[in-house]
Structures are given as C-alpha cells and as structure tokens.
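Below is the file final06.txt, which contains compact mmCIF, C-alpha atoms.
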# COMPACT_ATOMS: atom_id res chain seq x y z
CA MET M 9 0.10 -18.05 2.05
CA VAL M 10 2.03 -18.43 5.26
CA ARG M 11 1.15 -19.59 8.76
CA LEU M 12 1.97 -17.90 12.03
CA ASP M 13 4.51 -20.60 12.89
CA ASP M 14 6.34 -20.42 9.57
CA ASP M 15 9.88 -19.16 9.44
CA ALA M 16 9.82 -15.40 8.76
CA LEU M 17 13.02 -15.32 6.73
CA GLU M 18 11.89 -18.17 4.51
CA ALA M 19 8.47 -16.56 3.96
CA THR M 20 10.08 -13.25 2.98
CA ARG M 21 12.55 -14.99 0.72
CA THR M 22 9.79 -16.90 -1.07
CA MET M 23 7.91 -13.67 -1.66
CA THR M 24 11.06 -12.02 -3.00
CA ASP M 25 12.21 -14.90 -5.20
CA GLN M 26 8.80 -15.41 -6.77
CA ALA M 27 8.19 -11.66 -7.10
CA LEU M 28 4.92 -12.06 -5.19
CA PRO M 29 3.20 -8.76 -4.38
CA GLY M 30 2.52 -9.82 -0.79
CA LEU M 31 1.72 -12.54 1.72
CA VAL M 32 -1.51 -13.80 3.22
CA VAL M 33 -1.05 -14.86 6.83
CA VAL M 34 -3.52 -17.56 7.90
CA ASP M 35 -4.37 -18.75 11.40
CA GLU M 36 -4.24 -22.32 12.73
CA HIS M 37 -7.53 -23.14 11.02
CA GLY M 38 -6.52 -21.76 7.64
CA GLY M 39 -8.69 -18.67 8.04
CA PRO M 40 -7.06 -15.52 6.65
CA LEU M 41 -5.73 -13.39 9.45
CA VAL M 42 -4.20 -10.59 7.51
CA VAL M 43 -3.10 -9.75 3.99
CA LEU M 44 0.29 -8.07 3.91
CA PRO M 45 1.40 -6.23 0.77
CA ALA M 46 5.14 -6.60 0.18
CA SER M 47 5.72 -3.07 1.48
CA GLU M 48 4.16 -4.14 4.80
CA VAL M 49 6.07 -7.42 4.94
CA LEU M 50 9.12 -5.17 5.34
CA ARG M 51 7.74 -4.36 8.79
CA PHE M 52 8.78 -7.87 9.83
CA ALA M 53 12.35 -6.64 9.83
CA LEU M 54 11.90 -3.06 11.03
CA PRO M 55 12.29 -2.20 14.71
CA GLU M 56 9.05 -0.80 16.11
CA TYR M 57 10.49 2.64 16.80
CA VAL M 58 11.45 2.99 13.14
CA GLU M 59 7.88 2.05 12.14
CA GLU M 60 6.69 4.85 14.37
CA ASP M 61 9.19 7.44 13.27
CA PRO M 62 11.04 6.85 10.00
CA ALA M 63 13.47 9.65 10.85
CA LEU M 64 14.98 7.21 13.34
CA ALA M 65 16.11 5.06 10.42
CA ARG M 66 18.80 7.68 9.94
CA VAL M 67 20.52 7.01 13.26
CA TYR M 68 21.91 3.69 12.04
CA GLY M 69 25.42 3.36 10.74
CA GLU M 70 25.50 2.33 7.11
CA ARG M 71 26.59 -1.22 7.73
CA GLU M 72 23.99 -1.85 10.42
CA ALA M 73 21.33 -0.12 8.33
CA ASP M 74 22.00 -2.36 5.36
CA ASN M 75 21.83 -5.45 7.59
CA PHE M 76 18.39 -4.73 9.01
CA CYS M 77 17.01 -7.99 7.61
CA SER M 78 19.20 -10.02 9.95
CA GLU M 79 16.30 -9.42 12.38
CA LEU M 80 14.45 -12.14 10.49
CA VAL M 81 16.92 -14.92 11.21
CA GLY M 82 15.45 -17.61 13.43
CA ARG M 83 12.14 -15.77 13.94
CA LYS M 84 8.63 -16.99 13.28
CA VAL M 85 6.01 -14.98 11.40
CA ARG M 86 4.03 -14.79 14.66
CA GLU M 87 6.83 -12.90 16.40
CA LEU M 88 7.19 -10.36 13.65
CA MET M 89 3.60 -9.47 12.84
CA PRO M 90 3.13 -5.71 12.52
CA GLY M 91 1.68 -3.97 15.56
CA LYS M 92 -2.11 -3.87 15.91
CA GLN M 93 -2.12 -0.21 14.95
CA TYR M 94 -0.97 -1.17 11.45
CA LEU M 95 -3.62 -3.82 10.94
CA PRO M 96 -7.17 -3.15 9.78
CA LYS M 97 -9.59 -2.57 12.61
CA ARG M 98 -12.86 -3.11 10.78
CA GLU M 99 -13.94 -6.10 8.75
CA ARG M 100 -14.61 -3.95 5.69
CA ASP M 101 -11.06 -2.64 5.83
CA ARG M 102 -9.62 -6.07 5.12
CA PRO M 103 -8.56 -6.88 1.56
CA VAL M 104 -10.96 -9.78 1.30
CA VAL M 105 -13.56 -10.56 -1.39
CA THR M 106 -16.23 -13.22 -1.73
CA ALA M 107 -16.11 -15.88 -4.41
CA ASN M 108 -18.76 -14.15 -6.51
CA ALA M 109 -17.07 -10.74 -6.66
CA THR M 110 -16.78 -9.19 -10.11
CA LEU M 111 -13.49 -7.84 -11.47
CA ILE M 112 -14.46 -4.24 -10.77
CA GLU M 113 -15.36 -5.12 -7.17
CA ILE M 114 -11.95 -6.77 -6.70
CA ALA M 115 -10.25 -3.74 -8.26
CA SER M 116 -12.08 -1.35 -5.97
CA VAL M 117 -11.11 -3.35 -2.88
CA MET M 118 -7.46 -3.37 -3.99
CA THR M 119 -7.32 0.37 -4.60
CA ARG M 120 -9.18 1.23 -1.42
CA GLN M 121 -7.03 -1.01 0.79
CA HIS M 122 -3.84 -0.12 -1.10
CA SER M 123 -3.34 -3.85 -1.43
CA PRO M 124 -1.91 -5.64 -4.47
CA VAL M 125 -3.30 -8.89 -3.05
CA VAL M 126 -6.79 -9.89 -1.94
CA ALA M 127 -7.91 -13.11 -0.29
CA VAL M 128 -10.99 -14.84 -1.67
CA VAL M 129 -12.99 -16.06 1.27
CA ASP M 130 -16.15 -18.10 1.68
CA ASP M 131 -17.54 -18.84 5.16
CA ASP M 132 -14.27 -17.80 6.80
CA GLU M 133 -12.39 -20.29 4.68
CA ILE M 134 -9.77 -19.03 2.30
CA LEU M 135 -10.31 -20.23 -1.26
CA GLY M 136 -7.38 -18.47 -2.84
CA VAL M 137 -5.50 -15.30 -3.46
CA ILE M 138 -5.75 -12.83 -6.35
CA THR M 139 -2.90 -10.48 -7.23
CA VAL M 140 -3.30 -7.18 -9.02
CA HIS M 141 -1.23 -8.57 -11.89
CA ARG M 142 -3.49 -11.58 -12.25
CA LEU M 143 -6.53 -9.30 -12.18
CA LEU M 144 -5.09 -7.01 -14.85
CA GLY M 145 -3.93 -9.97 -16.91
CA VAL M 146 -7.57 -11.02 -17.19
CA ALA M 147 -9.15 -7.57 -17.31
CA LEU M 148 -6.93 -5.71 -19.79
CA PRO M 149 -8.34 -5.57 -23.30
CA ARG M 150 -6.25 -7.60 -25.73
CA SER M 151 -4.29 -5.65 -28.30
CA MET N 30 8.62 5.05 -15.68
CA VAL N 31 5.90 6.58 -17.78
CA ARG N 32 5.16 10.09 -19.00
CA LEU N 33 1.89 11.96 -18.81
CA ASP N 34 1.42 11.67 -22.56
CA ASP N 35 2.05 7.94 -22.71
CA ASP N 36 -0.76 5.59 -23.62
CA ALA N 37 -2.49 4.45 -20.42
CA LEU N 38 -3.37 0.98 -21.67
CA GLU N 39 0.19 0.34 -22.84
CA ALA N 40 1.63 1.56 -19.54
CA THR N 41 -0.67 -0.71 -17.55
CA ARG N 42 0.08 -3.64 -19.82
CA THR N 43 3.83 -3.17 -19.45
CA MET N 44 3.44 -3.14 -15.66
CA THR N 45 1.35 -6.30 -15.80
CA ASP N 46 3.51 -8.21 -18.26
CA GLN N 47 6.73 -7.44 -16.45
CA ALA N 48 5.14 -8.02 -13.01
CA LEU N 49 6.29 -4.55 -11.95
CA PRO N 50 4.99 -3.50 -8.54
CA GLY N 51 4.03 -0.04 -9.79
CA LEU N 52 4.68 2.89 -12.09
CA VAL N 53 6.53 6.17 -11.63
CA VAL N 54 4.86 8.98 -13.55
CA VAL N 55 7.30 11.70 -14.58
CA ASP N 56 6.59 15.19 -15.85
CA GLU N 57 7.82 16.83 -19.07
CA HIS N 58 11.22 17.49 -17.52
CA GLY N 59 11.70 13.95 -16.23
CA GLY N 60 10.97 14.95 -12.63
CA PRO N 61 8.97 12.35 -10.72
CA LEU N 62 5.38 13.49 -10.37
CA VAL N 63 3.94 10.57 -8.53
CA VAL N 64 4.76 6.97 -7.70
CA LEU N 65 1.78 4.69 -8.20
CA PRO N 66 1.78 1.22 -6.65
CA ALA N 67 0.04 -1.31 -8.90
CA SER N 68 -3.04 -1.21 -6.67
CA GLU N 69 -3.31 2.52 -7.37
CA VAL N 70 -2.68 2.12 -11.10
CA LEU N 71 -6.04 0.33 -11.07
CA ARG N 72 -7.57 3.73 -10.41
CA PHE N 73 -6.76 4.59 -14.03
CA ALA N 74 -9.64 2.33 -15.01
CA LEU N 75 -12.07 2.92 -12.16
CA PRO N 76 -14.84 5.51 -12.49
CA GLU N 77 -14.44 8.23 -9.88
CA TYR N 78 -17.67 7.36 -8.06
CA VAL N 79 -16.43 3.82 -7.50
CA GLU N 80 -13.20 5.21 -6.05
CA GLU N 81 -15.29 7.21 -3.63
CA ASP N 82 -17.70 4.44 -2.71
CA PRO N 83 -16.65 0.86 -3.50
CA ALA N 84 -20.20 -0.34 -2.79
CA LEU N 85 -21.10 1.23 -6.13
CA ALA N 86 -18.92 -1.37 -7.84
CA ARG N 87 -21.78 -3.76 -7.13
CA VAL N 88 -24.28 -1.94 -9.33
CA TYR N 89 -22.57 -3.13 -12.51
CA GLY N 90 -23.78 -6.11 -14.44
CA GLU N 91 -21.23 -8.91 -14.51
CA ARG N 92 -20.20 -8.39 -18.09
CA GLU N 93 -19.76 -4.67 -17.74
CA ALA N 94 -17.98 -5.14 -14.41
CA ASP N 95 -15.46 -7.50 -15.93
CA ASN N 96 -14.81 -5.09 -18.80
CA PHE N 97 -13.92 -2.12 -16.65
CA CYS N 98 -10.46 -1.86 -18.19
CA SER N 99 -11.93 -0.89 -21.55
CA GLU N 100 -11.86 2.61 -20.00
CA LEU N 101 -8.14 2.63 -20.75
CA VAL N 102 -8.45 2.29 -24.51
CA GLY N 103 -7.24 5.38 -26.35
CA ARG N 104 -6.55 7.35 -23.16
CA LYS N 105 -3.38 9.02 -22.04
CA VAL N 106 -1.88 8.66 -18.56
CA ARG N 107 -2.58 12.36 -18.03
CA GLU N 108 -6.33 11.86 -18.44
CA LEU N 109 -6.48 9.01 -15.97
CA MET N 110 -4.37 10.23 -13.09
CA PRO N 111 -6.04 9.58 -9.75
CA GLY N 112 -7.86 12.57 -8.24
CA LYS N 113 -5.84 15.01 -6.14
CA GLN N 114 -7.39 13.60 -2.98
CA TYR N 115 -5.57 10.31 -3.60
CA LEU N 116 -2.18 11.86 -4.16
CA PRO N 117 0.24 12.83 -1.41
CA LYS N 118 -0.17 16.39 -0.24
CA ARG N 119 3.13 16.86 1.55
CA GLU N 120 6.61 16.36 0.20
CA ARG N 121 7.47 13.90 2.96
CA ASP N 122 4.49 11.75 2.01
CA ARG N 123 5.98 10.98 -1.37
CA PRO N 124 7.79 7.66 -1.83
CA VAL N 125 11.04 9.30 -2.76
CA VAL N 126 14.54 8.78 -1.37
CA THR N 127 17.87 10.50 -1.94
CA ALA N 128 20.80 8.74 -3.56
CA ASN N 129 22.59 8.27 -0.22
CA ALA N 130 19.69 6.58 1.61
CA THR N 131 20.54 3.36 3.45
CA LEU N 132 18.53 0.17 3.01
CA ILE N 133 16.66 0.65 6.28
CA GLU N 134 15.73 4.20 5.28
CA ILE N 135 14.34 2.94 1.98
CA ALA N 136 12.44 0.19 3.80
CA SER N 137 10.91 2.64 6.23
CA VAL N 138 9.76 4.92 3.42
CA MET N 139 8.15 1.95 1.61
CA THR N 140 6.28 0.72 4.68
CA ARG N 141 5.16 4.18 5.69
CA GLN N 142 3.91 5.12 2.23
CA HIS N 143 2.53 1.63 1.59
CA SER N 144 4.52 1.75 -1.62
CA PRO N 145 6.38 -1.18 -3.18
CA VAL N 146 8.28 1.31 -5.33
CA VAL N 147 10.34 4.36 -4.46
CA ALA N 148 11.95 6.86 -6.78
CA VAL N 149 15.58 7.81 -6.16
CA VAL N 150 15.87 11.54 -6.68
CA ASP N 151 18.73 14.00 -6.65
CA ASP N 152 18.08 17.70 -7.25
CA ASP N 153 14.57 16.99 -8.59
CA GLU N 154 16.05 14.67 -11.15
CA ILE N 155 15.04 11.03 -11.05
CA LEU N 156 18.03 8.70 -10.93
CA GLY N 157 16.13 5.45 -10.81
CA VAL N 158 13.50 3.34 -9.17
CA ILE N 159 13.84 0.74 -6.40
CA THR N 160 11.25 -1.99 -5.91
CA VAL N 161 10.60 -3.78 -2.64
CA HIS N 162 11.74 -7.02 -4.28
CA ARG N 163 15.02 -5.51 -5.36
CA LEU N 164 15.52 -4.11 -1.87
CA LEU N 165 14.83 -7.47 -0.23
CA GLY N 166 16.96 -9.26 -2.80
CA VAL N 167 19.92 -7.24 -1.56
CA ALA N 168 18.99 -7.04 2.12
CA LEU N 169 17.95 -10.61 2.92
CA PRO N 170 20.69 -12.66 4.58
CA ARG N 171 21.94 -15.42 2.32
CA SER N 172 21.06 -18.93 3.38

In structure tokens, write the structure found in this file.
Amino acid sequence: MVRLDDDALEATRTMTDQALPGLVVVDEHGGPLVVLPASEVLRFALPEYVEEDPALARVYGEREADNFCSELVGRKVRELMPGKQYLPKRERDRPVVTANATLIEIASVMTRQHSPVVAVVDDDEILGVITVHRLLGVALPRS
Amino acid sequence: MVRLDDDALEATRTMTDQALPGLVVVDEHGGPLVVLPASEVLRFALPEYVEEDPALARVYGEREADNFCSELVGRKVRELMPGKQYLPKRERDRPVVTANATLIEIASVMTRQHSPVVAVVDDDEILGVITVHRLLGVALPRS
C-alpha cells in the first residue's frame, strides 16, 4: 500500500524487491483510490505519448530507452498516476471485494479486472490486500 | 512455460509456489500460444458462466465456493484454456517482443496488454520470458 505523497521510485522498488504483484494507492484517509497491477505501475515511468501509442517507444535511442525509469527519480506517486482514461470509471470495475467475499468471488473479480491484487474494503476503509498467489495458496487442493 | 498436455493443477501450483506472475503456454512445436497473467490463469478453475457474469459467483455455498480449484484435479492445460473471447485476436495484441526490443518497448507492451509477462520470440521460436519484476530490476536507477 502506498500513499499519494510517497516517493514513486521507492514504491516501485519495494514492489520489485518483494516481488509484489502490484500496489494499492490509498488517499489521505486511507481509502483505496486505485489498485495498480505491476504492469500498470510501469505507467509511472512511461511518457504519456508512449502510453497512447506504443509504436512511439521505438523512437528512443537504446541508451535512453533503457533509462526510462529515471523518470521516477524525485517524483511522488501523485505526480505519476496513470491518466484518468486508464483508471476504472465505474465502481464495479474496481478490483475491490468486501470482507465476506468467498474465494470464487475474489477469483472472478481478479480475472475480470485483470488484476493480480484486490483490496478488501469495508465501509470505504481498506482492511487489507489479497494477491492472486495468496488466493491460490489457500485454494489449490493439496497434493 | 507450460505445454498444452501438462497437468493444469501442477502448472498452477508451480506458478503459485515460485510467485511467478504468469504462465506462457506453448504449442507442440514450442511456439508461444498464449501468455497468461496469473489473474487469467485463475480462469482455468472458473466455470465459464462465472467468467461471463461474476455475479454468478455469489450463488455458490461458501464451502463449494472455496473449493473452486478442485476443478483443476486431473485436467490438462489444454482442457482449461480460457475461451477464445478472452484471448487476443490480433497479433499485435499478444504480449510478445522481439529479441532486440529495448526496455521501454517491453514496458509499453506490458502496460498495454496488462501483462506482467512477455515472451521473447524470434522467428516463431520462443527464446525466453521476461517478467515485470525482472524488467524493473534492471531498469530502476540504483539508489
């Protein structure tokens, strides 16, 4: 879980080092703002025109292209949030479940939202985060 | 990487145990058929009507709901592949990069396809797999 005023580079590094499948960005009151799968956290570092047209990623020289994460240095999560068009518009499109959701409900939210992470929320308060690996760790039949 | 005739439960368990962000399913000739992020691997276990309408996940009793992965027992990957409607239709919608792709090109493919895994392919042959964590591990500026 990260806050809007957290350092973007540090947040990304934590996710990478701990092999977390994504980040949950919370607002000032701790309410979940958005759940970002790791593949979407990459948008922190991508220039907007590359998000819009991946072909533009090819215009970079190799050295510059491989340094694209330098964009993160000294920036806050707030500054690097993906554009509104990449965030869910409707409440039911957010990877969020209630505390009494069953495993199959959680699984169906994950697959539908293409999200390896869901936030567990009760009365707009975030109770925790469930990853797809945690879910499968519990749900897979033992050998 | 898994093959169509591999055991589905074993494949899912390997992904879970090794905290892999997804699976690459290859065909008989080793060509990459589809790249499945972990959230999509869950579809292996979900009945098709739940994929279509997640509200139906709520009709299960708790015990049955929590046992949904028992679907995987004794099944092959081939039998549990997500329906065609969930697979990319166009070549450029597949999370695949060529061997000379730069880091920013790989990042833009991952964000666009919402895939934490891409297959590196040369002449229809799969050379390897890159995860978002591996990409960030290389691309993040050192502290």

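Between chain N and the residues M:Leu135, M:Val10, M:Val126, M:Ala73, the shortest atom-to-atom distance, using all atoms listed in the file, involves M:Ala73.
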
Check: which chain M residues lie within 6 Å of chain N using only C-alpha atoms, as a ChimeraX atom specification:
/M:24,47-48,62,65,73-74,77,111-113,116,118-119,122-124,141,147-148

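Proximity ranking of M:Leu88, M:Val137, M:Leu31, M:Ala107 relative to M:Val43 places M:Leu31 first, based on only C-alpha atoms.
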
Axis-aligned box over every listed atom of stretch 57-66 of chain N, padded by 6 Å per side: centre and edges in Å to one decimal, as JSON?
{"center_x": 6.7, "center_y": 9.4, "center_z": -12.9, "size_x": 21.9, "size_y": 28.3, "size_z": 24.4}

Superposition of chain M onto chain N by least squares over all sequentially paired C-alpha atoms; the transformed chain is requested as a CSV table (one decimal) with C-alpha atoms, in the coordinates of the input.
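Saved to out.csv:
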chain,number,residue,atom,x,y,z
M,9,MET,CA,8.6,5.0,-15.7
M,10,VAL,CA,5.9,6.6,-17.8
M,11,ARG,CA,5.1,10.1,-19.0
M,12,LEU,CA,1.9,12.0,-18.8
M,13,ASP,CA,1.4,11.7,-22.6
M,14,ASP,CA,2.0,7.9,-22.7
M,15,ASP,CA,-0.8,5.6,-23.6
M,16,ALA,CA,-2.5,4.4,-20.4
M,17,LEU,CA,-3.4,1.0,-21.7
M,18,GLU,CA,0.2,0.3,-22.9
M,19,ALA,CA,1.6,1.5,-19.5
M,20,THR,CA,-0.7,-0.7,-17.6
M,21,ARG,CA,0.1,-3.7,-19.8
M,22,THR,CA,3.8,-3.2,-19.4
M,23,MET,CA,3.4,-3.1,-15.7
M,24,THR,CA,1.3,-6.3,-15.8
M,25,ASP,CA,3.5,-8.2,-18.3
M,26,GLN,CA,6.7,-7.5,-16.4
M,27,ALA,CA,5.1,-8.0,-13.0
M,28,LEU,CA,6.3,-4.6,-12.0
M,29,PRO,CA,5.0,-3.5,-8.5
M,30,GLY,CA,4.0,0.0,-9.8
M,31,LEU,CA,4.7,2.9,-12.1
M,32,VAL,CA,6.5,6.2,-11.6
M,33,VAL,CA,4.8,9.0,-13.5
M,34,VAL,CA,7.3,11.7,-14.6
M,35,ASP,CA,6.6,15.2,-15.8
M,36,GLU,CA,7.8,16.8,-19.1
M,37,HIS,CA,11.2,17.5,-17.5
M,38,GLY,CA,11.7,14.0,-16.2
M,39,GLY,CA,11.0,15.0,-12.6
M,40,PRO,CA,9.0,12.4,-10.7
M,41,LEU,CA,5.4,13.5,-10.3
M,42,VAL,CA,3.9,10.6,-8.5
M,43,VAL,CA,4.8,7.0,-7.7
M,44,LEU,CA,1.8,4.7,-8.2
M,45,PRO,CA,1.8,1.2,-6.6
M,46,ALA,CA,0.1,-1.3,-8.9
M,47,SER,CA,-3.0,-1.2,-6.6
M,48,GLU,CA,-3.3,2.5,-7.4
M,49,VAL,CA,-2.7,2.1,-11.1
M,50,LEU,CA,-6.0,0.3,-11.1
M,51,ARG,CA,-7.6,3.7,-10.4
M,52,PHE,CA,-6.8,4.6,-14.0
M,53,ALA,CA,-9.6,2.3,-15.0
M,54,LEU,CA,-12.1,2.9,-12.2
M,55,PRO,CA,-14.8,5.5,-12.5
M,56,GLU,CA,-14.4,8.2,-9.9
M,57,TYR,CA,-17.7,7.4,-8.1
M,58,VAL,CA,-16.4,3.8,-7.5
M,59,GLU,CA,-13.2,5.2,-6.1
M,60,GLU,CA,-15.3,7.2,-3.7
M,61,ASP,CA,-17.6,4.5,-2.7
M,62,PRO,CA,-16.6,0.9,-3.5
M,63,ALA,CA,-20.2,-0.3,-2.8
M,64,LEU,CA,-21.1,1.3,-6.1
M,65,ALA,CA,-18.9,-1.4,-7.8
M,66,ARG,CA,-21.8,-3.7,-7.1
M,67,VAL,CA,-24.3,-1.9,-9.3
M,68,TYR,CA,-22.5,-3.1,-12.5
M,69,GLY,CA,-23.8,-6.1,-14.4
M,70,GLU,CA,-21.2,-8.9,-14.5
M,71,ARG,CA,-20.2,-8.4,-18.1
M,72,GLU,CA,-19.7,-4.7,-17.8
M,73,ALA,CA,-18.0,-5.1,-14.4
M,74,ASP,CA,-15.4,-7.5,-15.9
M,75,ASN,CA,-14.8,-5.1,-18.8
M,76,PHE,CA,-13.9,-2.1,-16.7
M,77,CYS,CA,-10.5,-1.9,-18.2
M,78,SER,CA,-11.9,-0.9,-21.6
M,79,GLU,CA,-11.9,2.6,-20.0
M,80,LEU,CA,-8.1,2.6,-20.7
M,81,VAL,CA,-8.4,2.3,-24.5
M,82,GLY,CA,-7.2,5.4,-26.3
M,83,ARG,CA,-6.6,7.3,-23.1
M,84,LYS,CA,-3.4,9.0,-22.0
M,85,VAL,CA,-1.9,8.7,-18.6
M,86,ARG,CA,-2.6,12.4,-18.0
M,87,GLU,CA,-6.3,11.8,-18.4
M,88,LEU,CA,-6.5,9.0,-16.0
M,89,MET,CA,-4.4,10.2,-13.1
M,90,PRO,CA,-6.1,9.6,-9.8
M,91,GLY,CA,-7.9,12.6,-8.2
M,92,LYS,CA,-5.8,15.0,-6.1
M,93,GLN,CA,-7.4,13.6,-3.0
M,94,TYR,CA,-5.6,10.3,-3.6
M,95,LEU,CA,-2.2,11.8,-4.2
M,96,PRO,CA,0.3,12.8,-1.4
M,97,LYS,CA,-0.2,16.4,-0.2
M,98,ARG,CA,3.1,16.9,1.6
M,99,GLU,CA,6.6,16.4,0.2
M,100,ARG,CA,7.5,13.9,3.0
M,101,ASP,CA,4.5,11.8,2.0
M,102,ARG,CA,6.0,11.0,-1.4
M,103,PRO,CA,7.8,7.7,-1.8
M,104,VAL,CA,11.0,9.3,-2.8
M,105,VAL,CA,14.5,8.8,-1.4
M,106,THR,CA,17.9,10.5,-1.9
M,107,ALA,CA,20.8,8.7,-3.5
M,108,ASN,CA,22.6,8.2,-0.2
M,109,ALA,CA,19.7,6.6,1.6
M,110,THR,CA,20.5,3.4,3.5
M,111,LEU,CA,18.5,0.2,3.0
M,112,ILE,CA,16.7,0.7,6.3
M,113,GLU,CA,15.7,4.2,5.3
M,114,ILE,CA,14.3,2.9,2.0
M,115,ALA,CA,12.4,0.2,3.8
M,116,SER,CA,10.9,2.7,6.2
M,117,VAL,CA,9.8,4.9,3.4
M,118,MET,CA,8.2,2.0,1.6
M,119,THR,CA,6.3,0.7,4.7
M,120,ARG,CA,5.2,4.2,5.7
M,121,GLN,CA,3.9,5.1,2.2
M,122,HIS,CA,2.5,1.7,1.6
M,123,SER,CA,4.5,1.8,-1.6
M,124,PRO,CA,6.4,-1.2,-3.2
M,125,VAL,CA,8.3,1.3,-5.3
M,126,VAL,CA,10.4,4.4,-4.4
M,127,ALA,CA,12.0,6.9,-6.8
M,128,VAL,CA,15.6,7.8,-6.2
M,129,VAL,CA,15.9,11.5,-6.7
M,130,ASP,CA,18.7,14.0,-6.6
M,131,ASP,CA,18.0,17.7,-7.2
M,132,ASP,CA,14.6,17.0,-8.6
M,133,GLU,CA,16.0,14.7,-11.1
M,134,ILE,CA,15.0,11.0,-11.1
M,135,LEU,CA,18.0,8.7,-10.9
M,136,GLY,CA,16.1,5.5,-10.8
M,137,VAL,CA,13.5,3.3,-9.2
M,138,ILE,CA,13.8,0.7,-6.4
M,139,THR,CA,11.3,-2.0,-5.9
M,140,VAL,CA,10.6,-3.8,-2.6
M,141,HIS,CA,11.7,-7.0,-4.3
M,142,ARG,CA,15.0,-5.5,-5.4
M,143,LEU,CA,15.5,-4.1,-1.9
M,144,LEU,CA,14.8,-7.5,-0.2
M,145,GLY,CA,17.0,-9.3,-2.8
M,146,VAL,CA,19.9,-7.2,-1.6
M,147,ALA,CA,19.0,-7.0,2.1
M,148,LEU,CA,17.9,-10.6,2.9
M,149,PRO,CA,20.7,-12.7,4.6
M,150,ARG,CA,21.9,-15.5,2.3
M,151,SER,CA,21.0,-19.0,3.4

Pick from M:Pro90, M:Tyr57, M:Pro40, M:Thr22 nearest to M:Val128, counting all atoms listed in the file:
M:Pro40

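The coordinates place atom CA of N:Asp153 at 10.9 Å from atom CA of N:Val126.
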
For atom CA of M:Val32 and atom CA of M:Ala16, the interatomic separation in Å (one decimal)
12.7 Å

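Put simply, atom CA of M:Asp15 is 24.3 Å away from atom CA of M:Val104.
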
If we count all atoms listed in the file and set the cut-off at 12 Å, which residues sit around M:Leu12, ignoring sequence neighbours fewer than 6 positions away in its own chain? Please answer as number ranges by chain.
M: 19, 31-42, 83-89

Hey, which of M:Lys92, M:Arg98, M:Phe52, M:Met9 ends up closest to M:Ala127? Count only C-alpha atoms.
M:Met9
